[in-house]
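Text of the file model_29.txt, holding compact mmCIF, C-alpha atoms and all ligand atoms:
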```txt
# COMPACT_ATOMS: atom_id res chain seq x y z
CA MET A 1 94.74 93.51 97.26
CA PHE A 2 94.74 89.78 97.73
CA ASP A 3 97.43 88.52 95.31
CA ILE A 4 98.56 90.55 92.33
CA GLY A 5 98.84 87.78 89.74
CA GLY A 6 101.71 87.26 87.35
CA ARG A 7 104.09 89.92 86.12
CA LYS A 8 104.08 90.78 82.43
CA ASP A 9 107.90 91.05 82.32
CA TRP A 10 108.53 87.89 84.33
CA TRP A 11 112.00 87.60 82.77
CA ASN A 12 113.06 90.57 84.94
CA MET A 13 112.39 88.62 88.14
CA PRO A 14 115.31 86.83 89.84
CA PRO A 15 116.97 84.29 87.48
CA LEU A 16 115.50 81.34 89.41
CA VAL A 17 111.99 82.44 88.34
CA ASP A 18 113.09 82.97 84.77
CA GLY A 19 114.38 79.38 84.68
CA LEU A 20 111.21 77.96 86.28
CA VAL A 21 108.91 79.75 83.84
CA ARG A 22 110.92 78.81 80.76
CA ALA A 23 110.97 75.16 81.89
CA GLY A 24 107.40 74.89 83.20
CA VAL A 25 105.11 77.35 81.41
CA PRO A 26 107.11 78.69 78.47
CA ARG A 27 104.21 80.40 76.72
CA ILE A 28 102.92 82.31 79.73
CA SER A 29 102.02 85.87 78.85
CA SER A 30 100.05 88.72 80.34
CA LYS A 31 99.32 92.00 78.67
CA TYR A 32 99.05 94.05 81.84
CA ASN A 33 100.25 93.94 85.41
CA VAL A 34 97.55 94.05 88.09
CA ASN A 35 98.74 97.54 89.10
CA GLU A 36 97.90 98.70 85.56
CA ILE A 37 94.51 96.95 85.60
CA LEU A 38 93.66 98.70 88.87
CA GLU A 39 94.57 102.10 87.47
CA GLN A 40 92.71 101.46 84.22
CA GLY A 41 89.67 100.65 86.39
CA GLY A 42 89.96 103.91 88.30
CA VAL A 43 91.64 102.69 91.52
CA ALA A 44 94.60 104.83 92.60
CA LEU A 45 97.47 102.64 93.81
CA SER A 46 97.94 105.01 96.74
CA LYS A 47 94.61 103.64 98.08
CA ILE A 48 96.06 100.14 98.43
CA GLN A 49 97.14 99.81 102.04
CA SER A 50 98.19 96.15 101.84
CA VAL A 51 99.05 93.56 99.22
CA VAL A 52 98.70 89.99 100.43
CA TRP A 53 100.87 87.33 98.84
CA SER A 54 98.89 84.14 99.36
CA ARG A 55 102.05 82.32 98.38
CA TRP A 56 105.48 83.29 97.09
CA TYR A 57 105.25 81.98 93.52
CA TYR A 58 105.56 84.29 90.51
CA ASP A 59 101.91 83.85 89.51
CA HIS A 60 100.75 85.51 92.74
CA ILE A 61 103.33 88.17 93.68
CA GLY A 62 103.17 90.37 90.56
CA ASP A 63 105.44 93.39 90.44
CA ILE A 64 105.23 94.93 93.89
CA GLN A 65 107.78 97.58 92.94
CA GLN A 66 105.06 99.30 90.90
CA PHE A 67 103.11 99.99 94.10
CA PRO A 68 103.92 103.03 96.27
CA LYS A 69 106.24 102.39 99.22
CA PRO A 70 103.55 102.87 101.89
CA THR A 71 101.78 99.76 100.51
CA GLU A 72 102.82 96.91 102.79
CA VAL A 73 103.27 93.28 101.77
CA VAL A 74 101.54 90.67 103.94
CA VAL A 75 102.88 87.11 103.94
CA GLY A 76 102.21 83.85 105.73
CA PRO A 77 104.16 82.00 108.43
CA GLY A 78 107.73 81.03 107.60
CA PHE A 79 108.22 83.49 104.75
CA LYS A 80 110.81 85.75 106.39
CA LYS A 81 112.86 82.86 107.68
CA THR A 82 112.82 81.09 104.31
CA PHE A 83 113.59 84.03 102.07
CA VAL A 84 116.53 85.57 103.90
CA PRO A 85 118.88 86.54 102.39
CA ARG A 86 117.06 87.52 99.24
CA TYR A 87 118.24 88.04 95.68
CA PRO A 88 120.87 89.17 94.67
CA VAL A 89 122.71 88.25 97.91
CA ASN A 90 121.28 84.77 97.50
CA LYS A 91 121.19 83.90 93.79
CA ASP A 92 118.89 80.89 94.36
CA THR A 93 115.82 82.65 95.64
CA PRO A 94 112.75 83.90 93.78
CA ILE A 95 112.31 86.93 96.06
CA SER A 96 114.17 90.15 95.40
CA ASN A 97 115.64 92.54 97.99
CA THR A 98 114.49 95.56 96.00
CA ASP A 99 110.86 94.53 96.58
CA PHE A 100 111.22 95.55 100.23
CA GLU A 101 113.45 98.62 100.05
CA GLY A 102 111.49 101.16 102.09
CA ARG A 103 108.47 98.86 102.26
CA ASN A 104 106.99 97.11 105.29
CA LEU A 105 106.93 93.31 105.14
CA ARG A 106 104.37 91.93 107.57
CA GLU A 107 104.36 88.23 108.39
CA ILE A 108 101.15 86.92 109.93
CA GLU A 109 101.39 84.74 113.02
CA PHE A 110 98.49 82.45 113.88
CA ASP A 111 98.16 81.80 117.61
CA GLY A 112 95.00 79.67 117.36
CA SER A 113 92.88 82.10 119.41
CA LEU A 114 90.56 82.65 116.42
CA MET A 115 89.33 79.79 114.21
CA ILE A 116 87.20 80.05 111.04
CA GLY A 117 85.90 76.91 109.34
CA GLY A 118 88.38 74.86 111.34
CA PHE A 119 91.37 76.96 110.20
CA PRO A 120 93.44 79.26 112.44
CA ALA A 121 92.55 82.83 111.46
CA CYS A 122 93.78 86.40 111.83
CA ASP A 123 91.64 89.54 111.49
CA LEU A 124 93.92 91.51 109.15
CA PHE A 125 92.54 95.02 109.72
CA GLY A 126 90.94 94.38 113.11
CA ASP A 127 87.45 95.25 111.82
CA GLY A 128 86.09 91.87 110.70
CA SER A 129 86.25 92.75 107.00
CA PHE A 130 89.09 90.49 105.95
CA TYR A 131 90.63 87.47 107.59
CA MET A 132 93.76 85.56 106.73
CA LEU A 133 93.57 81.79 107.20
CA ASP A 134 96.36 79.34 107.93
CA VAL A 135 95.84 76.60 105.32
CA PRO A 136 99.04 74.58 105.08
CA GLY A 137 100.36 71.97 102.66
CA HIS A 138 100.72 73.75 99.36
CA ALA A 139 103.70 76.06 99.88
CA ILE A 140 105.63 77.80 102.65
CA GLY A 141 103.39 80.51 104.08
CA HIS A 142 100.38 79.56 101.94
CA MET A 143 97.61 81.77 103.28
CA PRO A 144 94.11 82.08 101.82
CA GLY A 145 91.79 85.00 102.56
CA PHE A 146 88.27 85.09 103.94
CA VAL A 147 86.47 88.26 102.97
CA ARG A 148 83.17 89.57 104.33
CA THR A 149 81.04 90.46 101.33
CA THR A 150 77.84 91.43 103.22
CA PRO A 151 77.17 91.29 106.98
CA GLU A 152 76.17 87.60 106.54
CA THR A 153 78.11 86.37 103.48
CA PHE A 154 81.74 85.59 102.79
CA VAL A 155 84.09 84.60 100.00
CA PHE A 156 86.87 82.14 100.69
CA LEU A 157 89.80 83.24 98.51
CA GLY A 158 91.42 79.83 98.44
CA GLY A 159 94.67 80.74 96.72
CA ASP A 160 96.29 77.48 95.64
CA VAL A 161 94.85 75.18 98.32
CA CYS A 162 93.69 73.18 95.26
CA HIS A 163 93.24 74.10 91.63
CA PHE A 164 89.90 72.79 90.36
CA GLY A 165 86.32 72.65 91.58
CA GLY A 166 86.51 68.87 91.33
CA SER A 167 89.26 68.85 93.96
CA HIS A 168 86.93 70.02 96.74
CA ARG A 169 83.41 69.02 95.62
CA PRO A 170 81.00 67.34 95.76
CA THR A 171 80.97 66.44 99.44
CA LYS A 172 78.64 64.48 101.71
CA PHE A 173 77.45 67.83 103.13
CA ASN A 174 76.66 69.16 99.69
CA PRO A 175 76.16 66.25 97.27
CA MET A 176 75.71 66.62 93.54
CA PRO A 177 71.95 66.79 92.94
CA ALA A 178 70.34 63.81 91.14
CA THR A 179 69.31 66.24 88.42
CA ILE A 180 71.27 69.38 87.63
CA PRO A 181 68.59 72.05 88.04
CA PRO A 182 67.37 74.26 85.18
CA GLY A 183 69.25 77.51 84.82
CA THR A 184 72.60 76.06 85.97
CA PRO A 185 75.29 77.24 83.57
CA LEU A 186 77.02 74.17 82.10
CA ASP A 187 79.92 73.70 79.73
CA GLY A 188 79.80 72.75 76.07
CA PRO A 189 76.85 70.76 74.76
CA PHE A 190 75.17 70.16 78.15
CA LYS A 191 71.90 71.86 78.91
CA ALA A 192 70.31 71.90 82.37
CA PRO A 193 68.19 70.20 83.55
CA CYS A 194 70.20 67.04 82.96
CA PRO A 195 70.82 63.90 85.03
CA CYS A 196 73.96 64.08 87.16
CA SER A 197 74.95 60.68 85.74
CA VAL A 198 76.34 62.63 82.79
CA PHE A 199 78.99 63.88 85.21
CA THR A 200 79.30 61.01 87.67
CA ALA A 201 79.96 58.46 84.89
CA CYS A 202 83.65 59.40 84.93
CA HIS A 203 84.00 59.62 88.73
CA PRO A 204 86.85 57.39 90.03
CA ASP A 205 84.80 56.34 93.07
CA GLN A 206 81.52 55.11 91.57
CA ALA A 207 79.99 54.10 94.94
CA ASN A 208 80.37 57.65 96.27
CA ALA A 209 80.27 59.57 93.03
CA ARG A 210 77.73 62.15 94.21
CA THR A 211 79.37 62.76 97.59
CA SER A 212 83.14 62.58 97.08
CA THR A 213 85.60 64.74 95.19
CA TYR A 214 86.80 63.87 91.72
CA TYR A 215 90.45 64.62 92.39
CA LYS A 216 92.93 64.12 95.20
CA VAL A 217 96.01 66.19 95.94
CA SER A 218 98.86 64.86 93.82
CA LYS A 219 101.62 63.02 95.63
CA SER A 220 103.64 62.53 92.45
CA LYS A 221 107.16 63.81 92.07
CA GLY A 222 106.95 67.31 90.64
CA SER A 223 103.56 67.96 92.28
CA TRP A 224 102.79 71.57 93.26
CA TYR A 225 102.45 70.59 96.92
CA ILE A 226 105.30 70.63 99.41
CA HIS A 227 103.35 68.45 101.87
CA PRO A 228 100.63 66.55 99.95
CA GLU A 229 99.16 64.77 103.01
CA VAL A 230 98.81 68.05 104.90
CA ALA A 231 97.38 69.70 101.79
CA GLN A 232 94.76 66.94 101.42
CA LYS A 233 93.67 67.55 105.01
CA SER A 234 93.34 71.26 104.24
CA VAL A 235 91.24 70.49 101.17
CA ASN A 236 89.03 68.09 103.16
CA GLN A 237 88.51 70.79 105.79
CA MET A 238 87.14 73.09 103.08
CA SER A 239 84.00 70.94 102.98
CA GLU A 240 82.70 73.13 105.85
CA PHE A 241 82.86 76.17 103.60
CA HIS A 242 81.32 74.23 100.75
CA ALA A 243 78.45 73.18 103.00
CA ASP A 244 77.71 76.75 104.09
CA GLU A 245 75.37 78.57 101.73
CA ASN A 246 76.80 81.87 102.93
CA VAL A 247 80.33 81.07 101.73
CA PHE A 248 81.47 81.11 98.10
CA ILE A 249 84.78 79.43 97.26
CA TYR A 250 87.11 81.19 94.81
CA LEU A 251 90.23 79.26 93.91
CA ALA A 252 93.01 81.24 92.27
CA HIS A 253 93.21 78.85 89.30
CA ASP A 254 89.60 77.67 88.92
CA PRO A 255 88.88 78.32 85.22
CA ALA A 256 85.10 78.00 85.71
CA LEU A 257 85.03 81.31 87.61
CA ILE A 258 86.06 83.16 84.44
CA THR A 259 82.72 82.41 82.79
CA ILE A 260 80.55 82.64 85.93
CA CYS A 261 81.72 85.75 87.79
CA ASP A 262 81.73 89.46 87.10
CA TRP A 263 85.18 90.94 86.76
CA PHE A 264 86.76 94.20 87.75
CA PRO A 265 85.93 96.91 86.88
CA ASN A 266 82.55 95.72 85.58
CA GLY A 267 81.26 93.94 88.64
CA THR A 268 81.72 93.36 92.31
CA ILE A 269 82.28 90.33 94.47
CA HIS A 270 79.81 91.51 97.10
CA ASP A 271 76.57 90.40 95.46
CA TRP A 272 77.59 86.82 94.61
CA LYS A 273 74.79 85.25 96.64
CA GLU A 274 72.09 87.58 95.36
CA LYS A 275 73.16 86.65 91.82
CA GLY A 276 73.01 82.93 92.56
ZN ZN A 301 99.10 79.75 91.66
```

Could you spell out this file's structure in structure tokens?
Ligand SMILES: [Zn+2]
Amino acid sequence: MFDIGGRKDWWNMPPLVDGLVRAGVPRISSKYNVNEILEQGGVALSKIQSVVWSRWYYDHIGDIQQFPKPTEVVVGPGFKKTFVPRYPVNKDTPISNTDFEGRNLREIEFDGSLMIGGFPACDLFGDGSFYMLDVPGHAIGHMPGFVRTTPETFVFLGGDVCHFGGSHRPTKFNPMPATIPPGTPLDGPFKAPCPCSVFTACHPDQANARTSTYYKVSKSKGSWYIHPEVAQKSVNQMSEFHADENVFIYLAHDPALITICDWFPNGTIHDWKEKG
């Protein structure tokens, strides 16, 4: 499992999380934990060998204690060092000691011997099915996934590298077409085909509206990025994935995916290219 979302009883996480949620997203709610969604969809939790935490925030780490002890947790560089000691020894940490009682915590090291799309990579299971990528800037240990969906196609599970499609596209490698082609699903009142000027009219960089991103990584106080300049470089580097017709980019928080993609247990990620 790559990320296990939020936890329905988030108030039972360490008090630091409780405070952050009440202050930042007070109406957050989820009906089920991901472990319940898996079981409802017919996947036994005992089949889950590894849970990857793409980052350590409450909206990605779920309730790992609901998974059997043999399920390991995989984290990115710097995690162990940062979150020791854990709650309750350290009251000011979002990570709980009980999460790892009897459970293996595996921190990925990137030595640079394997690169994918310009990012240091690690072959998680040693069989080329799933790679972890070192994509810094957003949070300590932020680590997207790169999953092989067919022998030739891949999905980049971007985690929180950025949060909207407009943060990483369009690019000069893959510009917005002059006319949005027929059949393209569009929001609200728009019907394809339609001129791209409908969308470029609000672009902040009018001279490069079809080839540059709408948004930049926020450098404001209170931004979600620990190192905004590094994060912007990571986002820029994603243009290689965007340019490759065999790679589909899934961002953890991209709301457009909800209407476009098939969802567990009713669909699979593997046929994304075939489905257009
Ligand atoms: Zn997130």

Residues within 9 Å of range 22-28 of chain A, all atoms listed in the file, excluding chain neighbours under 4 positions, as a ChimeraX atom specification: /A:8,17-18

Residues from the last selection, C-alpha atoms, saved as a PDB file, in the coordinates of the input:
```
ATOM      1  CA  LYS A   8     104.080  90.780  82.430  1.00  0.00           C
ATOM      2  CA  VAL A  17     111.990  82.440  88.340  1.00  0.00           C
ATOM      3  CA  ASP A  18     113.090  82.970  84.770  1.00  0.00           C
TER       4      ASP A  18
END
```

Selection: 12 Å around Asp187 in chain A, only C-alpha atoms, excl. self and same-chain fewer than 5 positions, as an MDAnalysis selection string: chainID A and resid 192 199 255:256 259:260

Hey, which of A:Pro204, A:Pro14, A:Pro185, A:Gly62 ends up closest to ligand ZN 301 (chain A)? Count only C-alpha atoms and all ligand atoms.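 That would be A:Gly62, the residue with the smallest distance to ligand ZN 301 (chain A).
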
Tell me which protein, DNA and RNA residues are within 9 Å of Asn208 in chain A, counting all atoms listed in the file, leaving out same-chain ones fewer than 5 positions away, and put them as a list in words. Lys172, His203 and Thr213 of chain A

Would you output that residue set with C-alpha atoms, as a compact mmCIF listing (two decimals), keeping the file's coordinate frame?
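So the final result, stored in part37.txt, reads:
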```txt
# COMPACT_ATOMS: atom_id res chain seq x y z
CA LYS A 172 78.64 64.48 101.71
CA HIS A 203 84.00 59.62 88.73
CA THR A 213 85.60 64.74 95.19
```

How would you write as a PDB file with C-alpha atoms, keeping the file's coordinate frame the residues that get within 12 Å of (89.5, 79.9, 90.0) in the file's frame, counting all atoms listed in the file?
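Writing done, so here's point.pdb:
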```pdb
ATOM      1  CA  PHE A 156      86.870  82.140 100.690  1.00  0.00           C
ATOM      2  CA  LEU A 157      89.800  83.240  98.510  1.00  0.00           C
ATOM      3  CA  GLY A 158      91.420  79.830  98.440  1.00  0.00           C
ATOM      4  CA  GLY A 159      94.670  80.740  96.720  1.00  0.00           C
ATOM      5  CA  ASP A 160      96.290  77.480  95.640  1.00  0.00           C
ATOM      6  CA  VAL A 161      94.850  75.180  98.320  1.00  0.00           C
ATOM      7  CA  CYS A 162      93.690  73.180  95.260  1.00  0.00           C
ATOM      8  CA  HIS A 163      93.240  74.100  91.630  1.00  0.00           C
ATOM      9  CA  PHE A 164      89.900  72.790  90.360  1.00  0.00           C
ATOM     10  CA  GLY A 165      86.320  72.650  91.580  1.00  0.00           C
ATOM     11  CA  GLY A 166      86.510  68.870  91.330  1.00  0.00           C
ATOM     12  CA  SER A 167      89.260  68.850  93.960  1.00  0.00           C
ATOM     13  CA  PHE A 248      81.470  81.110  98.100  1.00  0.00           C
ATOM     14  CA  ILE A 249      84.780  79.430  97.260  1.00  0.00           C
ATOM     15  CA  TYR A 250      87.110  81.190  94.810  1.00  0.00           C
ATOM     16  CA  LEU A 251      90.230  79.260  93.910  1.00  0.00           C
ATOM     17  CA  ALA A 252      93.010  81.240  92.270  1.00  0.00           C
ATOM     18  CA  HIS A 253      93.210  78.850  89.300  1.00  0.00           C
ATOM     19  CA  ASP A 254      89.600  77.670  88.920  1.00  0.00           C
ATOM     20  CA  PRO A 255      88.880  78.320  85.220  1.00  0.00           C
ATOM     21  CA  ALA A 256      85.100  78.000  85.710  1.00  0.00           C
ATOM     22  CA  LEU A 257      85.030  81.310  87.610  1.00  0.00           C
ATOM     23  CA  ILE A 258      86.060  83.160  84.440  1.00  0.00           C
ATOM     24  CA  THR A 259      82.720  82.410  82.790  1.00  0.00           C
ATOM     25  CA  ILE A 260      80.550  82.640  85.930  1.00  0.00           C
ATOM     26  CA  CYS A 261      81.720  85.750  87.790  1.00  0.00           C
TER      27      CYS A 261
END
```

Report, in Å with one decimal, the straight-line distance from CA of Asp59 in chain A to CA of Glu101 in chain A.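 Computing the Euclidean distance for CA of Asp59 in chain A and CA of Glu101 in chain A yields 21.5 Å.
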
To one decimal place, how far is CA of Asn33 in chain A from CA of Arg7 in chain A in Å?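 Separation of CA of Asn33 in chain A and CA of Arg7 in chain A: 5.6 Å.
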
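The coordinates place CA of Val51 in chain A at 4.7 Å from CA of Met1 in chain A.
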
Closest to ligand ZN 301 (chain A) among A:Pro15, A:Pro151, A:Gly145, A:Tyr225, using only C-alpha atoms and all ligand atoms? A:Tyr225

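With distances restricted to all atoms listed in the file, A:Pro144 is the closest residue to ligand ZN 301 (chain A) from A:Pro144, A:Gly112, A:Pro193, A:Gly78.
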
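Distances to Pro195 in chain A were evaluated for A:Met176, A:Leu114, A:Ala207, A:Val235 using all atoms listed in the file, and the minimum falls at A:Met176.
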
Please fill the gaps in range 10-21 of chain A so it has all heavy atoms, and write that as a PDB file, keeping the file's coordinate frame.
```pdb
ATOM      1  N   TRP A  10     108.039  88.870  83.356  1.00  0.00           N
ATOM      2  CA  TRP A  10     108.530  87.890  84.330  1.00  0.00           C
ATOM      3  C   TRP A  10     110.021  87.612  84.191  1.00  0.00           C
ATOM      4  O   TRP A  10     110.685  87.192  85.133  1.00  0.00           O
ATOM      5  CB  TRP A  10     107.730  86.585  84.243  1.00  0.00           C
ATOM      6  CG  TRP A  10     107.555  86.062  82.861  1.00  0.00           C
ATOM      7  CD1 TRP A  10     106.492  86.290  82.044  1.00  0.00           C
ATOM      8  CD2 TRP A  10     108.462  85.240  82.107  1.00  0.00           C
ATOM      9  NE1 TRP A  10     106.675  85.660  80.836  1.00  0.00           N
ATOM     10  CE2 TRP A  10     107.879  85.009  80.846  1.00  0.00           C
ATOM     11  CE3 TRP A  10     109.710  84.673  82.384  1.00  0.00           C
ATOM     12  CZ2 TRP A  10     108.488  84.246  79.859  1.00  0.00           C
ATOM     13  CZ3 TRP A  10     110.324  83.901  81.410  1.00  0.00           C
ATOM     14  CH2 TRP A  10     109.722  83.704  80.160  1.00  0.00           C
ATOM     15  N   TRP A  11     110.574  87.864  82.997  1.00  0.00           N
ATOM     16  CA  TRP A  11     112.000  87.600  82.770  1.00  0.00           C
ATOM     17  C   TRP A  11     112.874  88.577  83.555  1.00  0.00           C
ATOM     18  O   TRP A  11     114.067  88.382  83.666  1.00  0.00           O
ATOM     19  CB  TRP A  11     112.341  87.639  81.284  1.00  0.00           C
ATOM     20  CG  TRP A  11     111.812  88.874  80.612  1.00  0.00           C
ATOM     21  CD1 TRP A  11     112.450  90.076  80.497  1.00  0.00           C
ATOM     22  CD2 TRP A  11     110.527  89.033  79.997  1.00  0.00           C
ATOM     23  NE1 TRP A  11     111.641  90.975  79.850  1.00  0.00           N
ATOM     24  CE2 TRP A  11     110.458  90.370  79.526  1.00  0.00           C
ATOM     25  CE3 TRP A  11     109.437  88.183  79.790  1.00  0.00           C
ATOM     26  CZ2 TRP A  11     109.331  90.871  78.868  1.00  0.00           C
ATOM     27  CZ3 TRP A  11     108.327  88.687  79.134  1.00  0.00           C
ATOM     28  CH2 TRP A  11     108.271  90.014  78.675  1.00  0.00           C
ATOM     29  N   ASN A  12     112.290  89.642  84.110  1.00  0.00           N
ATOM     30  CA  ASN A  12     113.060  90.570  84.940  1.00  0.00           C
ATOM     31  C   ASN A  12     113.009  90.212  86.426  1.00  0.00           C
ATOM     32  O   ASN A  12     113.541  90.943  87.255  1.00  0.00           O
ATOM     33  CB  ASN A  12     112.559  92.009  84.747  1.00  0.00           C
ATOM     34  CG  ASN A  12     112.970  92.546  83.390  1.00  0.00           C
ATOM     35  OD1 ASN A  12     114.049  92.214  82.894  1.00  0.00           O
ATOM     36  ND2 ASN A  12     112.121  93.345  82.767  1.00  0.00           N
ATOM     37  N   MET A  13     112.366  89.094  86.755  1.00  0.00           N
ATOM     38  CA  MET A  13     112.390  88.620  88.140  1.00  0.00           C
ATOM     39  C   MET A  13     113.721  87.893  88.362  1.00  0.00           C
ATOM     40  O   MET A  13     114.469  87.678  87.419  1.00  0.00           O
ATOM     41  CB  MET A  13     111.187  87.704  88.395  1.00  0.00           C
ATOM     42  CG  MET A  13     109.860  88.465  88.271  1.00  0.00           C
ATOM     43  SD  MET A  13     108.405  87.432  88.439  1.00  0.00           S
ATOM     44  CE  MET A  13     108.238  87.361  90.218  1.00  0.00           C
ATOM     45  N   PRO A  14     114.047  87.540  89.612  1.00  0.00           N
ATOM     46  CA  PRO A  14     115.310  86.830  89.840  1.00  0.00           C
ATOM     47  C   PRO A  14     115.466  85.626  88.898  1.00  0.00           C
ATOM     48  O   PRO A  14     114.474  85.009  88.512  1.00  0.00           O
ATOM     49  CB  PRO A  14     115.220  86.401  91.299  1.00  0.00           C
ATOM     50  CG  PRO A  14     114.359  87.447  91.927  1.00  0.00           C
ATOM     51  CD  PRO A  14     113.347  87.806  90.876  1.00  0.00           C
ATOM     52  N   PRO A  15     116.720  85.323  88.499  1.00  0.00           N
ATOM     53  CA  PRO A  15     116.970  84.290  87.480  1.00  0.00           C
ATOM     54  C   PRO A  15     116.324  82.934  87.789  1.00  0.00           C
ATOM     55  O   PRO A  15     115.945  82.205  86.877  1.00  0.00           O
ATOM     56  CB  PRO A  15     118.502  84.150  87.478  1.00  0.00           C
ATOM     57  CG  PRO A  15     119.013  85.396  88.099  1.00  0.00           C
ATOM     58  CD  PRO A  15     117.957  85.967  88.984  1.00  0.00           C
ATOM     59  N   LEU A  16     116.147  82.615  89.066  1.00  0.00           N
ATOM     60  CA  LEU A  16     115.500  81.340  89.410  1.00  0.00           C
ATOM     61  C   LEU A  16     114.097  81.271  88.813  1.00  0.00           C
ATOM     62  O   LEU A  16     113.677  80.244  88.280  1.00  0.00           O
ATOM     63  CB  LEU A  16     115.421  81.199  90.932  1.00  0.00           C
ATOM     64  CG  LEU A  16     114.794  79.910  91.437  1.00  0.00           C
ATOM     65  CD1 LEU A  16     115.807  78.770  91.398  1.00  0.00           C
ATOM     66  CD2 LEU A  16     114.255  80.058  92.860  1.00  0.00           C
ATOM     67  N   VAL A  17     113.351  82.386  88.879  1.00  0.00           N
ATOM     68  CA  VAL A  17     111.990  82.440  88.340  1.00  0.00           C
ATOM     69  C   VAL A  17     112.024  82.290  86.821  1.00  0.00           C
ATOM     70  O   VAL A  17     111.261  81.526  86.234  1.00  0.00           O
ATOM     71  CB  VAL A  17     111.301  83.770  88.722  1.00  0.00           C
ATOM     72  CG1 VAL A  17     109.903  83.828  88.118  1.00  0.00           C
ATOM     73  CG2 VAL A  17     111.246  83.927  90.229  1.00  0.00           C
ATOM     74  N   ASP A  18     112.937  83.024  86.217  1.00  0.00           N
ATOM     75  CA  ASP A  18     113.090  82.970  84.770  1.00  0.00           C
ATOM     76  C   ASP A  18     113.265  81.511  84.312  1.00  0.00           C
ATOM     77  O   ASP A  18     112.603  81.048  83.391  1.00  0.00           O
ATOM     78  CB  ASP A  18     114.292  83.825  84.369  1.00  0.00           C
ATOM     79  CG  ASP A  18     114.433  83.940  82.873  1.00  0.00           C
ATOM     80  OD1 ASP A  18     113.479  84.405  82.233  1.00  0.00           O
ATOM     81  OD2 ASP A  18     115.487  83.535  82.353  1.00  0.00           O
ATOM     82  N   GLY A  19     114.129  80.784  85.024  1.00  0.00           N
ATOM     83  CA  GLY A  19     114.380  79.380  84.680  1.00  0.00           C
ATOM     84  C   GLY A  19     113.133  78.522  84.866  1.00  0.00           C
ATOM     85  O   GLY A  19     112.799  77.689  84.023  1.00  0.00           O
ATOM     86  N   LEU A  20     112.420  78.746  85.986  1.00  0.00           N
ATOM     87  CA  LEU A  20     111.210  77.960  86.280  1.00  0.00           C
ATOM     88  C   LEU A  20     110.137  78.184  85.221  1.00  0.00           C
ATOM     89  O   LEU A  20     109.487  77.257  84.762  1.00  0.00           O
ATOM     90  CB  LEU A  20     110.642  78.350  87.646  1.00  0.00           C
ATOM     91  CG  LEU A  20     111.360  77.835  88.883  1.00  0.00           C
ATOM     92  CD1 LEU A  20     110.798  78.503  90.137  1.00  0.00           C
ATOM     93  CD2 LEU A  20     111.216  76.316  88.992  1.00  0.00           C
ATOM     94  N   VAL A  21     109.950  79.439  84.828  1.00  0.00           N
ATOM     95  CA  VAL A  21     108.910  79.750  83.840  1.00  0.00           C
ATOM     96  C   VAL A  21     109.281  79.155  82.492  1.00  0.00           C
ATOM     97  O   VAL A  21     108.450  78.512  81.843  1.00  0.00           O
ATOM     98  CB  VAL A  21     108.704  81.284  83.740  1.00  0.00           C
ATOM     99  CG1 VAL A  21     107.748  81.613  82.602  1.00  0.00           C
ATOM    100  CG2 VAL A  21     108.164  81.837  85.050  1.00  0.00           C
TER     101      VAL A  21
END
```
